[in-house]
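Structure, as structure tokens:
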Amino acid sequence: KETAPAAAVLKPSAKSPVRLNYNENALGMAPSAQRAAAASIPHSNRYPFAHLGKLQSLVATHHKVPSESILFTPGSSDAIRASVLAHATPDTQLVIPELTYGDGALYAGFYDLAIRKVPSSREDWSFKISDMKQAVADHSGPSIVYLVNPNNPTSTIISSDELEAWVNDSRDDTLFIIDEAYAEFVNDPAFRSADHLIAGGAKNVLLLKTFSKIHAMAGLRVGYAVGDVDRLEHVSHYVEDDAMTLSYPGVMAATASMQSPEFLVHSKQSNDEARAIFTATLDELGWEYLPGQTNFVFHRISRPLKEFQAAMKERHVLIGRAFPPADGWCRMSLGTPEEMHYVAAVLREMKSKGIV
Ligand code: PLP
């Protein structure tokens, strides 16, 4: 019996829109992770103590570090918070690029740190490592450098050669918080994970990771920090014991997902395909976009974001919020290839009617 092509089955509605607003993974969790989470429900009257060790050991092996170099948090958001708080002193500054993920500055603000934003190019939102170094050099107290690689919302990478050269040649009172939420989607060989710096003994790097993106587990809230054992022990004083913050289904699903490499390959391939469909559409429209390395694309729009958002919402597509000061730009998450074909059709229709 013939099955209908997936695109024909996709019928977004106001109640069930295409959600391209939070950089989630539209595929859903690995089937093995879904089974593990479901099977854990009858046992969820218990704390997940007994199962955390296995997850910790799988994650530690993946990053080639000892188990004590991994600290779990309920999503990497809490790892950002705890890493900043654990190093907040009255004379510490946070150094960030002007256009990046907001949580570093959010928590620095909560804990009264000075925030130094390094300006970005108005053309492509790139920033210079040399300017970040200067921002650290200008400050007499300690600095926390929060770098998202690849960056959100721009989706672009910082060259690992440049970043590592700086880390290896930095002041002792400079801490690098490197957030690699989207690293598994990267194609550019100029990027490599900072985990090998920690494996090689770097004491001033905290690498933050999440199960929310490539593993498609945003709703189960599992993230972690990787770092030097003593540094991480210090950070651990600023979070609840990890066996108390993670849920039983979250631990079991993450453990299953770590053991499902085929899902991660599928997840990346699907994302590459979705990106190709979307960027071909942007080319057709003549809209400029940055060379994306994640599950979202940062692109120019032909009318104000609010109007574009509303027109897309009318057609049952939810897209990203504003990222000041990047007026005239939009962050669109990548859904499944079928969803991106739908988006392509919507954009063509709007173009033909002069709406965009
Ligand atoms: N870091 C970055 C760069 C993100 O974009 C996000 C979420 O979108 C997070 C961290 C937080 O993710 P979670 O708390 O789900 O791990």
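Simple scheme: letters A, B, ... for chains in structure tokens order, numbers from 1 for residues in each chain, numbers from 1 for ligands in the order shown.
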Sort by chain and increasing residue number a table of all residues of chain A within 9 Å of ligand 1, each with its closest pair of atoms and their distance in Å to one decimal, counting only C-alpha atoms and all ligand atoms, and write it as a tab-separated table.
residue	atom	partner	partner_atom_place_in_ligand_line	distance
A:Tyr22	CA	ligand 1	8 (O)	6.3
A:Asn23	CA	ligand 1	8 (O)	6.0
A:Glu24	CA	ligand 1	8 (O)	7.6
A:Thr73	CA	ligand 1	16 (O)	8.5
A:Pro74	CA	ligand 1	14 (O)	6.9
A:Gly75	CA	ligand 1	16 (O)	3.6
A:Ser76	CA	ligand 1	16 (O)	3.6
A:Ser77	CA	ligand 1	14 (O)	3.7
A:Asp78	CA	ligand 1	14 (O)	6.5
A:Ala79	CA	ligand 1	14 (O)	8.1
A:Ile80	CA	ligand 1	10 (C)	7.5
A:Thr100	CA	ligand 1	3 (C)	7.9
A:Tyr101	CA	ligand 1	3 (C)	5.4
A:Gly102	CA	ligand 1	3 (C)	8.3
A:Asp103	CA	ligand 1	10 (C)	7.5
A:Gly104	CA	ligand 1	1 (N)	8.9
A:Leu147	CA	ligand 1	3 (C)	8.8
A:Val148	CA	ligand 1	3 (C)	5.6
A:Asn149	CA	ligand 1	3 (C)	7.7
A:Pro150	CA	ligand 1	3 (C)	7.9
A:Asn151	CA	ligand 1	3 (C)	6.6
A:Asn152	CA	ligand 1	3 (C)	5.5
A:Pro153	CA	ligand 1	5 (O)	7.7
A:Asp179	CA	ligand 1	1 (N)	5.9
A:Glu180	CA	ligand 1	3 (C)	6.8
A:Ala181	CA	ligand 1	1 (N)	5.2
A:Tyr182	CA	ligand 1	3 (C)	7.1
A:Leu208	CA	ligand 1	1 (N)	7.8
A:Lys209	CA	ligand 1	16 (O)	6.9
A:Thr210	CA	ligand 1	16 (O)	4.3
A:Phe211	CA	ligand 1	16 (O)	6.3
A:Ser212	CA	ligand 1	15 (O)	4.8
A:Lys213	CA	ligand 1	15 (O)	7.6
A:Met217	CA	ligand 1	15 (O)	8.1
A:Ala218	CA	ligand 1	15 (O)	5.1
A:Gly219	CA	ligand 1	15 (O)	7.7
A:Leu220	CA	ligand 1	15 (O)	8.6
A:Arg221	CA	ligand 1	15 (O)	6.0
A:Val222	CA	ligand 1	16 (O)	6.5
A:Gly223	CA	ligand 1	16 (O)	5.1
A:Tyr224	CA	ligand 1	16 (O)	8.1
Residue set, stretch 170-311 of chain A restricted to strand (DSSP E or B), as number ranges by chain: A: 174-179, 205-210, 223-227, 289, 296-300
Those same residues - N, CA, C and O atoms - I'd like them written as a JSON list (two decimals), in the first residue's frame.
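Output file out.json is given in full below:
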[["chain", "number", "residue", "atom", "x", "y", "z"],
["A", 174, "THR", "N", 41.13, 34.58, 34.85],
["A", 174, "THR", "CA", 40.14, 34.59, 33.77],
["A", 174, "THR", "C", 39.52, 33.20, 33.69],
["A", 174, "THR", "O", 40.23, 32.21, 33.51],
["A", 175, "LEU", "N", 38.21, 33.16, 33.86],
["A", 175, "LEU", "CA", 37.49, 31.88, 33.72],
["A", 175, "LEU", "C", 36.73, 31.89, 32.40],
["A", 175, "LEU", "O", 36.01, 32.85, 32.10],
["A", 176, "PHE", "N", 36.87, 30.83, 31.63],
["A", 176, "PHE", "CA", 36.12, 30.69, 30.38],
["A", 176, "PHE", "C", 34.95, 29.76, 30.59],
["A", 176, "PHE", "O", 35.14, 28.58, 30.94],
["A", 177, "ILE", "N", 33.74, 30.28, 30.42],
["A", 177, "ILE", "CA", 32.55, 29.42, 30.42],
["A", 177, "ILE", "C", 32.20, 29.24, 28.95],
["A", 177, "ILE", "O", 31.78, 30.20, 28.28],
["A", 178, "ILE", "N", 32.39, 28.05, 28.45],
["A", 178, "ILE", "CA", 32.16, 27.79, 27.02],
["A", 178, "ILE", "C", 30.91, 26.94, 26.88],
["A", 178, "ILE", "O", 30.84, 25.81, 27.38],
["A", 179, "ASP", "N", 29.92, 27.53, 26.26],
["A", 179, "ASP", "CA", 28.60, 26.90, 26.16],
["A", 179, "ASP", "C", 28.49, 26.28, 24.76],
["A", 179, "ASP", "O", 28.40, 26.98, 23.76],
["A", 205, "VAL", "N", 38.60, 26.43, 32.47],
["A", 205, "VAL", "CA", 37.53, 26.27, 31.47],
["A", 205, "VAL", "C", 36.40, 25.46, 32.08],
["A", 205, "VAL", "O", 36.62, 24.40, 32.68],
["A", 206, "LEU", "N", 35.18, 25.98, 31.93],
["A", 206, "LEU", "CA", 33.99, 25.19, 32.25],
["A", 206, "LEU", "C", 33.23, 25.02, 30.95],
["A", 206, "LEU", "O", 32.88, 26.02, 30.30],
["A", 207, "LEU", "N", 33.02, 23.80, 30.55],
["A", 207, "LEU", "CA", 32.27, 23.52, 29.32],
["A", 207, "LEU", "C", 30.85, 23.15, 29.72],
["A", 207, "LEU", "O", 30.65, 22.31, 30.60],
["A", 208, "LEU", "N", 29.87, 23.80, 29.08],
["A", 208, "LEU", "CA", 28.46, 23.52, 29.42],
["A", 208, "LEU", "C", 27.78, 22.80, 28.27],
["A", 208, "LEU", "O", 27.92, 23.20, 27.10],
["A", 209, "LYS", "N", 27.05, 21.76, 28.61],
["A", 209, "LYS", "CA", 26.40, 20.91, 27.60],
["A", 209, "LYS", "C", 24.95, 20.65, 27.99],
["A", 209, "LYS", "O", 24.57, 20.76, 29.15],
["A", 210, "THR", "N", 24.17, 20.27, 26.98],
["A", 210, "THR", "CA", 22.75, 20.03, 27.24],
["A", 210, "THR", "C", 22.23, 18.83, 26.46],
["A", 210, "THR", "O", 22.74, 18.54, 25.38],
["A", 223, "GLY", "N", 21.15, 18.73, 31.74],
["A", 223, "GLY", "CA", 22.34, 19.41, 31.22],
["A", 223, "GLY", "C", 23.50, 19.10, 32.15],
["A", 223, "GLY", "O", 23.32, 18.42, 33.16],
["A", 224, "TYR", "N", 24.68, 19.59, 31.81],
["A", 224, "TYR", "CA", 25.82, 19.34, 32.71],
["A", 224, "TYR", "C", 26.97, 20.29, 32.41],
["A", 224, "TYR", "O", 27.04, 20.89, 31.34],
["A", 225, "ALA", "N", 27.85, 20.38, 33.40],
["A", 225, "ALA", "CA", 29.10, 21.13, 33.23],
["A", 225, "ALA", "C", 30.24, 20.13, 33.24],
["A", 225, "ALA", "O", 30.19, 19.11, 33.94],
["A", 226, "VAL", "N", 31.27, 20.42, 32.45],
["A", 226, "VAL", "CA", 32.49, 19.61, 32.43],
["A", 226, "VAL", "C", 33.62, 20.53, 32.86],
["A", 226, "VAL", "O", 33.70, 21.67, 32.36],
["A", 227, "GLY", "N", 34.46, 20.07, 33.77],
["A", 227, "GLY", "CA", 35.56, 20.95, 34.19],
["A", 227, "GLY", "C", 36.57, 20.22, 35.06],
["A", 227, "GLY", "O", 36.38, 19.05, 35.43],
["A", 289, "TYR", "N", 21.83, 35.54, 4.78],
["A", 289, "TYR", "CA", 21.84, 34.78, 6.03],
["A", 289, "TYR", "C", 23.28, 34.46, 6.42],
["A", 289, "TYR", "O", 24.17, 34.45, 5.57],
["A", 296, "PHE", "N", 19.43, 26.35, 13.81],
["A", 296, "PHE", "CA", 18.68, 27.56, 13.50],
["A", 296, "PHE", "C", 19.50, 28.39, 12.52],
["A", 296, "PHE", "O", 20.71, 28.15, 12.37],
["A", 297, "VAL", "N", 18.83, 29.34, 11.86],
["A", 297, "VAL", "CA", 19.50, 30.19, 10.87],
["A", 297, "VAL", "C", 19.16, 31.64, 11.20],
["A", 297, "VAL", "O", 18.00, 31.96, 11.51],
["A", 298, "PHE", "N", 20.16, 32.50, 11.15],
["A", 298, "PHE", "CA", 19.96, 33.93, 11.41],
["A", 298, "PHE", "C", 19.98, 34.62, 10.06],
["A", 298, "PHE", "O", 20.98, 34.58, 9.34],
["A", 299, "HIS", "N", 18.85, 35.23, 9.70],
["A", 299, "HIS", "CA", 18.74, 35.78, 8.35],
["A", 299, "HIS", "C", 18.09, 37.15, 8.37],
["A", 299, "HIS", "O", 17.38, 37.52, 9.31],
["A", 300, "ARG", "N", 18.34, 37.88, 7.28],
["A", 300, "ARG", "CA", 17.72, 39.20, 7.15],
["A", 300, "ARG", "C", 16.27, 39.03, 6.73],
["A", 300, "ARG", "O", 15.91, 38.03, 6.11]]
Contact residues around stretch 270-275 of chain A with only C-alpha atoms at 8 Å, ignoring same-chain residues under 3 positions, as a PyMOL selection string: chain A and resi 185+266-267+278-279+295-297+334-338+340
For the selection just defined, write its residues with C-alpha atoms to a file, as a CSV table (one decimal), in the first residue's frame.
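Result file is again22.csv:
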chain,number,residue,atom,x,y,z
A,185,PHE,CA,25.2,20.2,14.6
A,266,HIS,CA,19.9,10.9,12.1
A,267,SER,CA,19.3,14.0,14.1
A,278,PHE,CA,15.6,26.6,4.1
A,279,THR,CA,18.7,28.3,2.9
A,295,ASN,CA,19.7,24.0,14.3
A,296,PHE,CA,18.7,27.6,13.5
A,297,VAL,CA,19.5,30.2,10.9
A,334,LEU,CA,15.1,24.4,11.8
A,335,GLY,CA,12.3,21.9,12.0
A,336,THR,CA,12.0,18.6,10.2
A,337,PRO,CA,12.7,18.7,6.4
A,338,GLU,CA,8.9,18.4,5.9
A,340,MET,CA,10.9,23.4,6.2
Taking 5 positions as the minimum chain separation for residues in the same chain, which residues sit within 10 Å of A:Leu305 when counting only C-alpha atoms? Answer as an mmCIF file with C-alpha atoms, in the first residue's frame.
data_model
loop_
_atom_site.group_PDB
_atom_site.id
_atom_site.type_symbol
_atom_site.label_atom_id
_atom_site.label_comp_id
_atom_site.auth_asym_id
_atom_site.auth_seq_id
_atom_site.Cartn_x
_atom_site.Cartn_y
_atom_site.Cartn_z
ATOM 1 C CA ARG A 300 17.715 39.199 7.151
ATOM 2 C CA ALA A 310 2.455 37.970 12.730
ATOM 3 C CA ALA A 311 2.256 37.025 9.026
ATOM 4 C CA ILE A 319 9.448 32.043 14.655
ATOM 5 C CA GLY A 320 12.115 33.551 16.888
ATOM 6 C CA ARG A 321 11.864 36.657 19.044
ATOM 7 C CA ALA A 322 13.745 39.934 18.548
ATOM 8 C CA PHE A 323 17.471 39.967 19.311
ATOM 9 C CA ASP A 327 16.986 44.896 13.867
ATOM 10 C CA GLY A 328 16.046 43.569 10.464
ATOM 11 C CA TRP A 329 17.181 40.044 11.355
ATOM 12 C CA CYS A 330 15.253 36.932 12.346
ATOM 13 C CA ARG A 331 16.307 33.704 14.052
#
Determine, for each residue of stretch 182-279 of chain A having at least one atom at most 10 Å from an atom of stretch 28-45 of chain A, the closest pair of atoms and their separation in Å to one decimal, counting only C-alpha atoms; order by chain and ascending number, as a Markdown table.
| residue | atom | partner | partner_atom | distance |
| --- | --- | --- | --- | --- |
| A:Phe211 | CA | A:Met29 | CA | 9.9 |
| A:Ser212 | CA | A:Met29 | CA | 9.6 |
| A:Lys213 | CA | A:Met29 | CA | 9.9 |
| A:Ile214 | CA | A:Met29 | CA | 9.1 |
| A:His215 | CA | A:Met29 | CA | 6.3 |
| A:Ala216 | CA | A:Met29 | CA | 4.9 |
| A:Met217 | CA | A:Met29 | CA | 6.1 |
| A:Ala218 | CA | A:Met29 | CA | 9.3 |
| A:Leu220 | CA | A:Ala37 | CA | 9.3 |
| A:Ser247 | CA | A:Ser44 | CA | 8.1 |
| A:Tyr248 | CA | A:Ser44 | CA | 5.7 |
| A:Pro249 | CA | A:Ala37 | CA | 4.5 |
| A:Gly250 | CA | A:Ala37 | CA | 6.9 |
| A:Val251 | CA | A:Ala37 | CA | 8.3 |
| A:Met252 | CA | A:Ala36 | CA | 5.6 |
| A:Ala253 | CA | A:Ala33 | CA | 4.2 |
| A:Ala254 | CA | A:Ala33 | CA | 6.7 |
| A:Thr255 | CA | A:Ala33 | CA | 7.7 |
| A:Ala256 | CA | A:Ala33 | CA | 5.0 |
| A:Ser257 | CA | A:Ala33 | CA | 5.3 |
| A:Met258 | CA | A:Ala33 | CA | 8.9 |
| A:Gln259 | CA | A:Ser32 | CA | 8.7 |
| A:Ser260 | CA | A:Ala30 | CA | 7.2 |
| A:Pro261 | CA | A:Ala30 | CA | 9.5 |
| A:Glu262 | CA | A:Ala30 | CA | 8.9 |
| A:Phe263 | CA | A:Ala30 | CA | 5.7 |
| A:Leu264 | CA | A:Ala30 | CA | 8.2 |
| A:His266 | CA | A:Ala30 | CA | 9.5 |
| A:Ser267 | CA | A:Ala30 | CA | 9.0 |
Nearest residue to A:Val59 from the set A:Leu71, A:Gly354, A:Leu285, A:Ser159 (distances using only C-alpha atoms):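 With only C-alpha atoms as the atom set, the closest residue is A:Leu71.
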Atom CA of A:Gln269 to atom CA of A:Arg192, straight-line distance in Å: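 We find that atom CA of A:Arg192 and atom CA of A:Gln269 lie 18.6 Å from each other.
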